[in-house]
>>> print(open('entry-v9.cif').read())   # mmCIF, N, CA and C atoms
data_target
loop_
_atom_site.label_atom_id
_atom_site.label_comp_id
_atom_site.auth_asym_id
_atom_site.auth_seq_id
_atom_site.Cartn_x
_atom_site.Cartn_y
_atom_site.Cartn_z
N MET A 1 37.52 199.56 16.01
CA MET A 1 37.48 200.02 14.63
C MET A 1 36.17 199.53 13.99
N PRO A 2 35.46 200.43 13.29
CA PRO A 2 34.20 200.01 12.68
C PRO A 2 34.42 199.00 11.57
N SER A 3 33.47 198.10 11.45
CA SER A 3 33.57 197.10 10.38
C SER A 3 33.24 197.78 9.05
N PRO A 4 33.64 197.17 7.93
CA PRO A 4 33.38 197.78 6.61
C PRO A 4 31.90 198.03 6.37
N GLU A 5 31.02 197.15 6.90
CA GLU A 5 29.60 197.36 6.67
C GLU A 5 29.03 198.52 7.48
N ASP A 6 29.81 199.06 8.44
CA ASP A 6 29.37 200.20 9.23
C ASP A 6 29.87 201.54 8.68
N SER A 7 30.51 201.54 7.52
CA SER A 7 31.01 202.80 6.97
C SER A 7 29.85 203.71 6.63
N SER A 8 30.10 205.00 6.68
CA SER A 8 29.05 205.97 6.39
C SER A 8 28.45 205.77 5.01
N SER A 9 29.28 205.44 4.03
CA SER A 9 28.75 205.26 2.68
C SER A 9 27.84 204.03 2.60
N ASN A 10 28.19 202.97 3.31
CA ASN A 10 27.32 201.78 3.32
C ASN A 10 26.01 202.06 4.06
N ILE A 11 26.08 202.78 5.15
CA ILE A 11 24.88 203.14 5.89
C ILE A 11 23.98 204.01 5.01
N ALA A 12 24.58 204.97 4.34
CA ALA A 12 23.80 205.85 3.46
C ALA A 12 23.12 205.06 2.35
N ARG A 13 23.85 204.14 1.75
CA ARG A 13 23.29 203.30 0.68
C ARG A 13 22.12 202.47 1.20
N ASP A 14 22.31 201.86 2.37
CA ASP A 14 21.26 201.01 2.94
C ASP A 14 20.04 201.82 3.35
N LEU A 15 20.27 203.00 3.92
CA LEU A 15 19.14 203.88 4.28
C LEU A 15 18.34 204.25 3.05
N ARG A 16 19.05 204.61 2.02
CA ARG A 16 18.39 205.00 0.77
C ARG A 16 17.53 203.87 0.22
N ALA A 17 18.06 202.66 0.28
CA ALA A 17 17.32 201.50 -0.22
C ALA A 17 16.07 201.25 0.63
N VAL A 18 16.21 201.31 1.94
CA VAL A 18 15.07 201.07 2.83
C VAL A 18 14.01 202.15 2.64
N PHE A 19 14.43 203.40 2.58
CA PHE A 19 13.45 204.47 2.39
C PHE A 19 12.79 204.40 1.02
N GLY A 20 13.53 203.95 0.03
CA GLY A 20 12.95 203.75 -1.29
C GLY A 20 11.85 202.70 -1.25
N ARG A 21 12.11 201.59 -0.56
CA ARG A 21 11.08 200.55 -0.45
C ARG A 21 9.88 201.04 0.34
N LEU A 22 10.12 201.78 1.42
CA LEU A 22 9.00 202.35 2.19
C LEU A 22 8.18 203.30 1.33
N TYR A 23 8.86 204.15 0.59
CA TYR A 23 8.18 205.11 -0.28
C TYR A 23 7.30 204.38 -1.29
N ARG A 24 7.87 203.35 -1.93
CA ARG A 24 7.10 202.60 -2.92
C ARG A 24 5.90 201.90 -2.27
N ARG A 25 6.08 201.40 -1.08
CA ARG A 25 4.98 200.74 -0.37
C ARG A 25 3.86 201.74 -0.07
N PHE A 26 4.23 202.92 0.40
CA PHE A 26 3.21 203.95 0.67
C PHE A 26 2.49 204.34 -0.61
N LYS A 27 3.24 204.43 -1.70
CA LYS A 27 2.61 204.77 -2.99
C LYS A 27 1.63 203.69 -3.43
N GLU A 28 1.99 202.42 -3.19
CA GLU A 28 1.09 201.32 -3.54
C GLU A 28 -0.21 201.41 -2.75
N LEU A 29 -0.11 201.82 -1.49
CA LEU A 29 -1.26 201.83 -0.60
C LEU A 29 -2.21 202.99 -0.86
N SER A 30 -1.71 204.08 -1.39
CA SER A 30 -2.58 205.24 -1.54
C SER A 30 -3.00 205.42 -2.98
N ASP A 31 -4.24 205.80 -3.13
CA ASP A 31 -4.74 206.14 -4.45
C ASP A 31 -4.43 207.62 -4.66
N ASN A 32 -3.31 207.91 -5.31
CA ASN A 32 -2.90 209.31 -5.47
C ASN A 32 -3.60 209.99 -6.64
N GLN A 33 -4.55 209.31 -7.23
CA GLN A 33 -5.37 209.87 -8.30
C GLN A 33 -4.53 210.48 -9.42
N GLY A 34 -3.40 209.86 -9.71
CA GLY A 34 -2.58 210.31 -10.82
C GLY A 34 -1.74 211.54 -10.55
N LEU A 35 -1.55 211.90 -9.28
CA LEU A 35 -0.70 213.06 -8.98
C LEU A 35 0.76 212.74 -9.26
N THR A 36 1.48 213.73 -9.73
CA THR A 36 2.92 213.57 -9.90
C THR A 36 3.56 213.59 -8.51
N PRO A 37 4.80 213.12 -8.38
CA PRO A 37 5.47 213.20 -7.08
C PRO A 37 5.53 214.64 -6.53
N SER A 38 5.75 215.62 -7.40
CA SER A 38 5.80 217.02 -6.95
C SER A 38 4.44 217.48 -6.42
N GLN A 39 3.39 217.11 -7.11
CA GLN A 39 2.05 217.49 -6.67
C GLN A 39 1.72 216.81 -5.35
N ALA A 40 2.02 215.53 -5.24
CA ALA A 40 1.75 214.80 -4.00
C ALA A 40 2.55 215.38 -2.84
N SER A 41 3.79 215.80 -3.11
CA SER A 41 4.63 216.38 -2.06
C SER A 41 4.05 217.70 -1.55
N LEU A 42 3.61 218.56 -2.48
CA LEU A 42 3.01 219.83 -2.06
C LEU A 42 1.70 219.61 -1.31
N LEU A 43 0.90 218.69 -1.79
CA LEU A 43 -0.36 218.38 -1.12
C LEU A 43 -0.09 217.88 0.30
N SER A 44 0.89 217.02 0.43
CA SER A 44 1.25 216.49 1.74
C SER A 44 1.77 217.59 2.66
N ARG A 45 2.61 218.46 2.13
CA ARG A 45 3.16 219.55 2.95
C ARG A 45 2.05 220.47 3.44
N LEU A 46 1.13 220.82 2.56
CA LEU A 46 0.00 221.67 2.98
C LEU A 46 -0.86 220.96 4.02
N GLY A 47 -1.03 219.65 3.86
CA GLY A 47 -1.81 218.90 4.82
C GLY A 47 -1.15 218.83 6.19
N LYS A 48 0.16 218.72 6.21
CA LYS A 48 0.89 218.60 7.47
C LYS A 48 1.16 219.95 8.11
N GLU A 49 1.50 220.95 7.30
CA GLU A 49 1.99 222.22 7.84
C GLU A 49 0.99 223.36 7.74
N GLY A 50 -0.07 223.18 6.97
CA GLY A 50 -1.09 224.21 6.85
C GLY A 50 -0.79 225.20 5.74
N ASP A 51 -1.57 226.27 5.74
CA ASP A 51 -1.50 227.29 4.68
C ASP A 51 -0.08 227.85 4.51
N ALA A 52 0.24 228.18 3.27
CA ALA A 52 1.56 228.74 2.98
C ALA A 52 1.49 229.52 1.68
N SER A 53 2.43 230.41 1.51
CA SER A 53 2.56 231.12 0.24
C SER A 53 3.32 230.24 -0.73
N ALA A 54 3.23 230.57 -2.00
CA ALA A 54 3.96 229.81 -3.02
C ALA A 54 5.46 229.87 -2.77
N SER A 55 5.95 231.03 -2.38
CA SER A 55 7.39 231.15 -2.14
C SER A 55 7.82 230.32 -0.92
N ALA A 56 6.98 230.27 0.11
CA ALA A 56 7.31 229.45 1.28
C ALA A 56 7.29 227.96 0.92
N LEU A 57 6.35 227.56 0.10
CA LEU A 57 6.30 226.16 -0.35
C LEU A 57 7.54 225.82 -1.17
N ALA A 58 7.92 226.72 -2.06
CA ALA A 58 9.09 226.48 -2.89
C ALA A 58 10.34 226.34 -2.01
N ALA A 59 10.47 227.21 -1.03
CA ALA A 59 11.63 227.14 -0.13
C ALA A 59 11.62 225.82 0.64
N ALA A 60 10.47 225.42 1.14
CA ALA A 60 10.38 224.19 1.91
C ALA A 60 10.69 222.96 1.05
N GLU A 61 10.31 223.03 -0.22
CA GLU A 61 10.56 221.92 -1.15
C GLU A 61 11.94 222.01 -1.78
N ARG A 62 12.63 223.10 -1.51
CA ARG A 62 13.98 223.34 -2.04
C ARG A 62 13.98 223.40 -3.57
N ILE A 63 12.99 224.14 -4.08
CA ILE A 63 12.93 224.38 -5.52
C ILE A 63 12.75 225.88 -5.75
N ARG A 64 12.98 226.33 -6.98
CA ARG A 64 12.82 227.74 -7.30
C ARG A 64 11.33 228.10 -7.27
N PRO A 65 11.00 229.31 -6.87
CA PRO A 65 9.58 229.72 -6.83
C PRO A 65 8.89 229.53 -8.18
N GLN A 66 9.60 229.76 -9.28
CA GLN A 66 9.00 229.59 -10.60
C GLN A 66 8.61 228.13 -10.84
N ALA A 67 9.33 227.21 -10.25
CA ALA A 67 9.06 225.78 -10.46
C ALA A 67 7.81 225.31 -9.74
N VAL A 68 7.40 226.01 -8.69
CA VAL A 68 6.23 225.59 -7.93
C VAL A 68 4.93 226.03 -8.60
N VAL A 69 5.00 227.07 -9.42
CA VAL A 69 3.79 227.64 -10.03
C VAL A 69 3.00 226.62 -10.85
N PRO A 70 3.61 225.89 -11.79
CA PRO A 70 2.81 224.93 -12.57
C PRO A 70 2.25 223.79 -11.71
N THR A 71 2.99 223.40 -10.69
CA THR A 71 2.51 222.34 -9.80
C THR A 71 1.27 222.80 -9.05
N LEU A 72 1.32 224.02 -8.53
CA LEU A 72 0.15 224.57 -7.84
C LEU A 72 -1.03 224.75 -8.79
N ALA A 73 -0.74 225.17 -10.01
CA ALA A 73 -1.82 225.35 -10.99
C ALA A 73 -2.51 224.02 -11.28
N ALA A 74 -1.74 222.95 -11.38
CA ALA A 74 -2.33 221.64 -11.63
C ALA A 74 -3.18 221.18 -10.44
N LEU A 75 -2.70 221.44 -9.23
CA LEU A 75 -3.48 221.08 -8.04
C LEU A 75 -4.77 221.90 -7.95
N GLN A 76 -4.69 223.16 -8.31
CA GLN A 76 -5.88 224.00 -8.28
C GLN A 76 -6.88 223.56 -9.35
N GLU A 77 -6.37 223.23 -10.52
CA GLU A 77 -7.24 222.78 -11.60
C GLU A 77 -8.00 221.52 -11.21
N ARG A 78 -7.37 220.67 -10.42
CA ARG A 78 -8.02 219.43 -9.97
C ARG A 78 -8.87 219.63 -8.72
N GLY A 79 -8.88 220.87 -8.21
CA GLY A 79 -9.73 221.18 -7.07
C GLY A 79 -9.16 220.79 -5.72
N PHE A 80 -7.84 220.58 -5.64
CA PHE A 80 -7.22 220.14 -4.39
C PHE A 80 -6.71 221.28 -3.52
N ILE A 81 -6.52 222.45 -4.10
CA ILE A 81 -6.07 223.60 -3.31
C ILE A 81 -6.95 224.81 -3.60
N GLU A 82 -6.86 225.77 -2.70
CA GLU A 82 -7.54 227.05 -2.85
C GLU A 82 -6.52 228.14 -2.56
N ARG A 83 -6.74 229.29 -3.16
CA ARG A 83 -5.88 230.46 -2.91
C ARG A 83 -6.75 231.57 -2.35
N ARG A 84 -6.19 232.30 -1.39
CA ARG A 84 -6.91 233.43 -0.80
C ARG A 84 -5.89 234.47 -0.36
N PRO A 85 -6.31 235.73 -0.28
CA PRO A 85 -5.37 236.77 0.15
C PRO A 85 -4.86 236.51 1.57
N ASP A 86 -3.60 236.81 1.76
CA ASP A 86 -2.99 236.71 3.09
C ASP A 86 -3.51 237.87 3.93
N PRO A 87 -4.15 237.61 5.07
CA PRO A 87 -4.69 238.70 5.88
C PRO A 87 -3.63 239.66 6.40
N SER A 88 -2.38 239.19 6.53
CA SER A 88 -1.33 240.06 7.04
C SER A 88 -0.58 240.81 5.94
N ASP A 89 -0.77 240.38 4.68
CA ASP A 89 -0.10 241.04 3.55
C ASP A 89 -0.96 240.81 2.31
N GLY A 90 -1.79 241.76 1.99
CA GLY A 90 -2.73 241.63 0.89
C GLY A 90 -2.10 241.40 -0.47
N ARG A 91 -0.80 241.62 -0.60
CA ARG A 91 -0.12 241.38 -1.88
C ARG A 91 0.15 239.90 -2.11
N ARG A 92 0.17 239.13 -1.04
CA ARG A 92 0.48 237.70 -1.15
C ARG A 92 -0.80 236.87 -1.15
N LEU A 93 -0.70 235.69 -1.74
CA LEU A 93 -1.78 234.72 -1.67
C LEU A 93 -1.34 233.56 -0.79
N LEU A 94 -2.25 233.08 0.02
CA LEU A 94 -2.01 231.88 0.80
C LEU A 94 -2.67 230.71 0.09
N ILE A 95 -1.99 229.60 0.12
CA ILE A 95 -2.50 228.39 -0.50
C ILE A 95 -2.89 227.44 0.61
N SER A 96 -4.06 226.84 0.47
CA SER A 96 -4.52 225.88 1.47
C SER A 96 -5.18 224.72 0.75
N LEU A 97 -5.35 223.62 1.47
CA LEU A 97 -6.06 222.49 0.91
C LEU A 97 -7.54 222.82 0.83
N SER A 98 -8.15 222.43 -0.27
CA SER A 98 -9.61 222.53 -0.40
C SER A 98 -10.20 221.34 0.35
N PRO A 99 -11.50 221.29 0.53
CA PRO A 99 -12.09 220.10 1.15
C PRO A 99 -11.71 218.80 0.42
N ALA A 100 -11.68 218.83 -0.92
CA ALA A 100 -11.28 217.64 -1.68
C ALA A 100 -9.81 217.30 -1.43
N GLY A 101 -8.97 218.31 -1.36
CA GLY A 101 -7.55 218.10 -1.08
C GLY A 101 -7.33 217.53 0.31
N ARG A 102 -8.07 218.04 1.28
CA ARG A 102 -7.95 217.55 2.66
C ARG A 102 -8.38 216.09 2.72
N THR A 103 -9.48 215.76 2.04
CA THR A 103 -9.97 214.37 2.03
C THR A 103 -8.92 213.45 1.43
N MET A 104 -8.33 213.88 0.32
CA MET A 104 -7.31 213.06 -0.32
C MET A 104 -6.09 212.88 0.58
N PHE A 105 -5.62 213.97 1.16
CA PHE A 105 -4.45 213.92 2.05
C PHE A 105 -4.72 212.98 3.22
N GLN A 106 -5.85 213.14 3.87
CA GLN A 106 -6.16 212.34 5.05
C GLN A 106 -6.33 210.86 4.70
N GLY A 107 -6.94 210.58 3.55
CA GLY A 107 -7.11 209.19 3.14
C GLY A 107 -5.77 208.51 2.87
N ALA A 108 -4.90 209.19 2.15
CA ALA A 108 -3.59 208.62 1.85
C ALA A 108 -2.77 208.44 3.12
N GLN A 109 -2.84 209.41 4.00
CA GLN A 109 -2.08 209.34 5.24
C GLN A 109 -2.60 208.20 6.12
N GLN A 110 -3.91 208.06 6.21
CA GLN A 110 -4.50 207.03 7.06
C GLN A 110 -4.14 205.63 6.58
N GLU A 111 -4.22 205.40 5.28
CA GLU A 111 -3.88 204.08 4.74
C GLU A 111 -2.43 203.71 5.05
N GLY A 112 -1.52 204.65 4.82
CA GLY A 112 -0.12 204.39 5.11
C GLY A 112 0.14 204.19 6.59
N ASP A 113 -0.49 205.03 7.42
CA ASP A 113 -0.32 204.91 8.87
C ASP A 113 -0.82 203.56 9.38
N GLU A 114 -1.97 203.12 8.87
CA GLU A 114 -2.53 201.85 9.32
C GLU A 114 -1.61 200.69 8.95
N TRP A 115 -1.10 200.70 7.71
CA TRP A 115 -0.20 199.62 7.31
C TRP A 115 1.06 199.62 8.16
N LEU A 116 1.69 200.78 8.32
CA LEU A 116 2.95 200.85 9.05
C LEU A 116 2.75 200.52 10.53
N THR A 117 1.67 200.99 11.11
CA THR A 117 1.37 200.67 12.51
C THR A 117 1.27 199.16 12.69
N GLN A 118 0.54 198.52 11.80
CA GLN A 118 0.36 197.06 11.90
C GLN A 118 1.69 196.34 11.67
N ALA A 119 2.48 196.80 10.71
CA ALA A 119 3.77 196.16 10.44
C ALA A 119 4.70 196.29 11.65
N ILE A 120 4.74 197.45 12.26
CA ILE A 120 5.58 197.65 13.44
C ILE A 120 5.11 196.74 14.57
N GLN A 121 3.82 196.69 14.78
CA GLN A 121 3.25 195.85 15.84
C GLN A 121 3.53 194.37 15.61
N ASP A 122 3.36 193.92 14.37
CA ASP A 122 3.49 192.49 14.05
C ASP A 122 4.93 192.02 13.93
N ARG A 123 5.81 192.90 13.44
CA ARG A 123 7.15 192.43 13.07
C ARG A 123 8.27 192.84 14.01
N LEU A 124 8.00 193.78 14.92
CA LEU A 124 9.06 194.24 15.81
C LEU A 124 8.74 193.91 17.26
N THR A 125 9.76 193.51 17.99
CA THR A 125 9.60 193.27 19.42
C THR A 125 9.52 194.61 20.14
N PRO A 126 9.07 194.63 21.39
CA PRO A 126 9.08 195.90 22.13
C PRO A 126 10.47 196.55 22.17
N ALA A 127 11.50 195.76 22.33
CA ALA A 127 12.86 196.31 22.36
C ALA A 127 13.23 196.91 21.00
N GLU A 128 12.83 196.25 19.92
CA GLU A 128 13.11 196.79 18.58
C GLU A 128 12.33 198.08 18.34
N ARG A 129 11.12 198.16 18.85
CA ARG A 129 10.35 199.40 18.71
C ARG A 129 11.05 200.55 19.44
N THR A 130 11.61 200.25 20.59
CA THR A 130 12.38 201.27 21.33
C THR A 130 13.60 201.70 20.52
N THR A 131 14.27 200.74 19.91
CA THR A 131 15.43 201.06 19.06
C THR A 131 14.99 201.92 17.88
N LEU A 132 13.83 201.61 17.30
CA LEU A 132 13.32 202.39 16.18
C LEU A 132 13.04 203.84 16.60
N VAL A 133 12.51 204.04 17.77
CA VAL A 133 12.27 205.40 18.29
C VAL A 133 13.59 206.15 18.38
N GLU A 134 14.62 205.50 18.88
CA GLU A 134 15.94 206.15 18.97
C GLU A 134 16.51 206.43 17.59
N ALA A 135 16.34 205.51 16.66
CA ALA A 135 16.83 205.72 15.30
C ALA A 135 16.12 206.89 14.64
N LEU A 136 14.82 207.03 14.90
CA LEU A 136 14.07 208.16 14.34
C LEU A 136 14.64 209.50 14.81
N LYS A 137 15.07 209.55 16.06
CA LYS A 137 15.69 210.78 16.58
C LYS A 137 16.97 211.10 15.80
N LEU A 138 17.74 210.08 15.51
CA LEU A 138 18.98 210.29 14.74
C LEU A 138 18.66 210.72 13.31
N LEU A 139 17.68 210.08 12.70
CA LEU A 139 17.29 210.47 11.34
C LEU A 139 16.79 211.89 11.30
N GLU A 140 16.06 212.30 12.31
CA GLU A 140 15.57 213.68 12.38
C GLU A 140 16.76 214.65 12.42
N ARG A 141 17.79 214.30 13.17
CA ARG A 141 18.99 215.15 13.23
C ARG A 141 19.65 215.29 11.86
N LEU A 142 19.60 214.20 11.07
CA LEU A 142 20.20 214.26 9.74
C LEU A 142 19.46 215.20 8.81
N THR A 143 18.17 215.38 9.04
CA THR A 143 17.37 216.20 8.14
C THR A 143 17.19 217.63 8.62
N THR A 144 17.71 217.94 9.76
CA THR A 144 17.59 219.29 10.30
C THR A 144 18.80 220.11 9.87
N ASP A 145 18.50 221.25 9.24
CA ASP A 145 19.61 222.11 8.77
C ASP A 145 20.22 222.89 9.92
#
>>> encode(input="entry-v9.cif", output="structure tokens")
Amino acid sequence: MPSPEDSSSNIARDLRAVFGRLYRRFKELSDNQGLTPSQASLLSRLGKEGDASASALAAAERIRPQAVVPTLAALQERGFIERRPDPSDGRRLLISLSPAGRTMFQGAQQEGDEWLTQAIQDRLTPAERTTLVEALKLLERLTTD
């Protein structure tokens, strides 16, 4: 029988707390130049996944297409994204990172990666790193629809 601390609700609470601390640590490490969380999320998604339409970004972020428009406008105003016609459908616009947006994305990602790499190396044993790899597979399953 599972112990009370192994209940799904306790695991969920603890995961949320750990991810919250990780998120805050990554935010501390990166100079997000005053981006809102929504703007940073879209910038990160474009950096990781490449060009996308506004509707595809909205779907990926699980928000209404109308809600993504002001966020994209703010990113464009700051010079972090560019819009261009979709070669396969001239009615749509594709959004991509501008050179400034790519630089910002890569800088933020590199700082966080360097800190986390060092923390894993310094604080976890080889066996714990193996356990972490297995845990990541389980977490990925939780986020896959």
>>> select_by_dssp(input="entry-v9.cif", residues="range 55-102 of chain A", states="strand (DSSP E or B)", output="list in words")
Ile81, Glu82, Arg83, Arg84, Pro85, Asp86, Asp89, Gly90, Arg91, Arg92, Leu93, Leu94, Ile95, Ser96 and Leu97 of chain A
>>> atom_distance(input="entry-v9.cif", atom1="atom N of Gly47 in chain A", atom2="atom C of Arg25 in chain A")
19.0 Å
>>> residues_near_point(input="entry-v9.cif", point="(-3.1, 225.2, -2.1)", cutoff="10 Å", atoms="only C-alpha atoms", output="count of residues only")
29
>>> atom_distance(input="entry-v9.cif", atom1="atom N of Glu49 in chain A", atom2="CA of Arg102 in chain A")
11.1 Å
>>> closest_residue(input="entry-v9.cif", among="A:Thr144, A:Ser9, A:Thr36, A:Ser30", to="Gly112 in chain A", atoms="all atoms listed in the file")
A:Ser30
>>> closest_residue(input="entry-v9.cif", among="A:Asp145, A:Gly107, A:Thr130, A:Gln121", to="Leu29 in chain A", atoms="all atoms listed in the file")
A:Gly107
>>> atom_distance(input="entry-v9.cif", atom1="atom N of Gln110 in chain A", atom2="CA of Ala127 in chain A")
26.1 Å
>>> select_by_dssp(input="entry-v9.cif", residues="range 3-140 of chain A", states="alpha helix (DSSP H)", output="MDAnalysis selection string")
chainID A and resid 8:29 37:49 54:61 65:77 99:123 126:140
>>> resolve_selection(input="entry-v9.cif", expression="the PyMOL selection byres (((chain A and resi 27 and name CA) around 12) and name CA)", output="compact mmCIF listing (two decimals) with N, CA and C atoms, keeping the file's coordinate frame")
# COMPACT_ATOMS: atom_id res chain seq x y z
N GLY A 20 13.53 203.95 0.03
CA GLY A 20 12.95 203.75 -1.29
C GLY A 20 11.85 202.70 -1.25
N ARG A 21 12.11 201.59 -0.56
CA ARG A 21 11.08 200.55 -0.45
C ARG A 21 9.88 201.04 0.34
N LEU A 22 10.12 201.78 1.42
CA LEU A 22 9.00 202.35 2.19
C LEU A 22 8.18 203.30 1.33
N TYR A 23 8.86 204.15 0.59
CA TYR A 23 8.18 205.11 -0.28
C TYR A 23 7.30 204.38 -1.29
N ARG A 24 7.87 203.35 -1.93
CA ARG A 24 7.10 202.60 -2.92
C ARG A 24 5.90 201.90 -2.27
N ARG A 25 6.08 201.40 -1.08
CA ARG A 25 4.98 200.74 -0.37
C ARG A 25 3.86 201.74 -0.07
N PHE A 26 4.23 202.92 0.40
CA PHE A 26 3.21 203.95 0.67
C PHE A 26 2.49 204.34 -0.61
N GLU A 28 1.99 202.42 -3.19
CA GLU A 28 1.09 201.32 -3.54
C GLU A 28 -0.21 201.41 -2.75
N LEU A 29 -0.11 201.82 -1.49
CA LEU A 29 -1.26 201.83 -0.60
C LEU A 29 -2.21 202.99 -0.86
N SER A 30 -1.71 204.08 -1.39
CA SER A 30 -2.58 205.24 -1.54
C SER A 30 -3.00 205.42 -2.98
N ASP A 31 -4.24 205.80 -3.13
CA ASP A 31 -4.74 206.14 -4.45
C ASP A 31 -4.43 207.62 -4.66
N ASN A 32 -3.31 207.91 -5.31
CA ASN A 32 -2.90 209.31 -5.47
C ASN A 32 -3.60 209.99 -6.64
N GLN A 33 -4.55 209.31 -7.23
CA GLN A 33 -5.37 209.87 -8.30
C GLN A 33 -4.53 210.48 -9.42
N GLY A 34 -3.40 209.86 -9.71
CA GLY A 34 -2.58 210.31 -10.82
C GLY A 34 -1.74 211.54 -10.55
N LEU A 35 -1.55 211.90 -9.28
CA LEU A 35 -0.70 213.06 -8.98
C LEU A 35 0.76 212.74 -9.26
N THR A 36 1.48 213.73 -9.73
CA THR A 36 2.92 213.57 -9.90
C THR A 36 3.56 213.59 -8.51
N PRO A 37 4.80 213.12 -8.38
CA PRO A 37 5.47 213.20 -7.08
C PRO A 37 5.53 214.64 -6.53
N ALA A 40 2.02 215.53 -5.24
CA ALA A 40 1.75 214.80 -4.00
C ALA A 40 2.55 215.38 -2.84
N SER A 41 3.79 215.80 -3.11
CA SER A 41 4.63 216.38 -2.06
C SER A 41 4.05 217.70 -1.55
N ALA A 108 -4.90 209.19 2.15
CA ALA A 108 -3.59 208.62 1.85
C ALA A 108 -2.77 208.44 3.12
N GLN A 109 -2.84 209.41 4.00
CA GLN A 109 -2.08 209.34 5.24
C GLN A 109 -2.60 208.20 6.12
N GLU A 111 -4.22 205.40 5.28
CA GLU A 111 -3.88 204.08 4.74
C GLU A 111 -2.43 203.71 5.05
N GLY A 112 -1.52 204.65 4.82
CA GLY A 112 -0.12 204.39 5.11
C GLY A 112 0.14 204.19 6.59
N TRP A 115 -1.10 200.70 7.71
CA TRP A 115 -0.20 199.62 7.31
C TRP A 115 1.06 199.62 8.16
>>> decode(input="entry-v9.cif", residues="range 132-137 of chain A", atoms="all heavy atoms", output="PDB file, in the first residue's frame")
ATOM      1  N   LEU A 132      17.025  10.558 -12.943  1.00  0.00           N
ATOM      2  CA  LEU A 132      16.449  11.779 -13.507  1.00  0.00           C
ATOM      3  C   LEU A 132      16.049  11.571 -14.967  1.00  0.00           C
ATOM      4  O   LEU A 132      14.975  12.025 -15.392  1.00  0.00           O
ATOM      5  CB  LEU A 132      17.443  12.934 -13.373  1.00  0.00           C
ATOM      6  CG  LEU A 132      16.947  14.311 -13.772  1.00  0.00           C
ATOM      7  CD1 LEU A 132      15.702  14.719 -12.999  1.00  0.00           C
ATOM      8  CD2 LEU A 132      18.064  15.340 -13.568  1.00  0.00           C
ATOM      9  N   VAL A 133      16.852  10.874 -15.727  1.00  0.00           N
ATOM     10  CA  VAL A 133      16.519  10.567 -17.129  1.00  0.00           C
ATOM     11  C   VAL A 133      15.216   9.778 -17.182  1.00  0.00           C
ATOM     12  O   VAL A 133      14.339  10.056 -18.003  1.00  0.00           O
ATOM     13  CB  VAL A 133      17.670   9.805 -17.820  1.00  0.00           C
ATOM     14  CG1 VAL A 133      17.233   9.241 -19.161  1.00  0.00           C
ATOM     15  CG2 VAL A 133      18.882  10.713 -17.993  1.00  0.00           C
ATOM     16  N   GLU A 134      15.068   8.795 -16.312  1.00  0.00           N
ATOM     17  CA  GLU A 134      13.835   8.003 -16.277  1.00  0.00           C
ATOM     18  C   GLU A 134      12.643   8.854 -15.848  1.00  0.00           C
ATOM     19  O   GLU A 134      11.547   8.733 -16.389  1.00  0.00           O
ATOM     20  CB  GLU A 134      14.004   6.792 -15.343  1.00  0.00           C
ATOM     21  CG  GLU A 134      15.006   5.773 -15.846  1.00  0.00           C
ATOM     22  CD  GLU A 134      14.700   5.265 -17.246  1.00  0.00           C
ATOM     23  OE1 GLU A 134      13.533   4.909 -17.511  1.00  0.00           O
ATOM     24  OE2 GLU A 134      15.625   5.229 -18.078  1.00  0.00           O
ATOM     25  N   ALA A 135      12.849   9.733 -14.881  1.00  0.00           N
ATOM     26  CA  ALA A 135      11.767  10.614 -14.429  1.00  0.00           C
ATOM     27  C   ALA A 135      11.331  11.553 -15.549  1.00  0.00           C
ATOM     28  O   ALA A 135      10.135  11.830 -15.705  1.00  0.00           O
ATOM     29  CB  ALA A 135      12.211  11.408 -13.203  1.00  0.00           C
ATOM     30  N   LEU A 136      12.288  12.031 -16.339  1.00  0.00           N
ATOM     31  CA  LEU A 136      11.945  12.908 -17.466  1.00  0.00           C
ATOM     32  C   LEU A 136      11.031  12.199 -18.463  1.00  0.00           C
ATOM     33  O   LEU A 136      10.123  12.807 -19.021  1.00  0.00           O
ATOM     34  CB  LEU A 136      13.209  13.408 -18.155  1.00  0.00           C
ATOM     35  CG  LEU A 136      13.996  14.449 -17.367  1.00  0.00           C
ATOM     36  CD1 LEU A 136      15.349  14.709 -18.023  1.00  0.00           C
ATOM     37  CD2 LEU A 136      13.207  15.728 -17.223  1.00  0.00           C
ATOM     38  N   LYS A 137      11.271  10.920 -18.674  1.00  0.00           N
ATOM     39  CA  LYS A 137      10.400  10.147 -19.579  1.00  0.00           C
ATOM     40  C   LYS A 137       8.975  10.102 -19.031  1.00  0.00           C
ATOM     41  O   LYS A 137       8.006  10.229 -19.788  1.00  0.00           O
ATOM     42  CB  LYS A 137      10.951   8.735 -19.774  1.00  0.00           C
ATOM     43  CG  LYS A 137      12.251   8.688 -20.540  1.00  0.00           C
ATOM     44  CD  LYS A 137      12.802   7.272 -20.598  1.00  0.00           C
ATOM     45  CE  LYS A 137      14.189   7.255 -21.201  1.00  0.00           C
ATOM     46  NZ  LYS A 137      14.791   5.914 -21.130  1.00  0.00           N
TER      47      LYS A 137
END
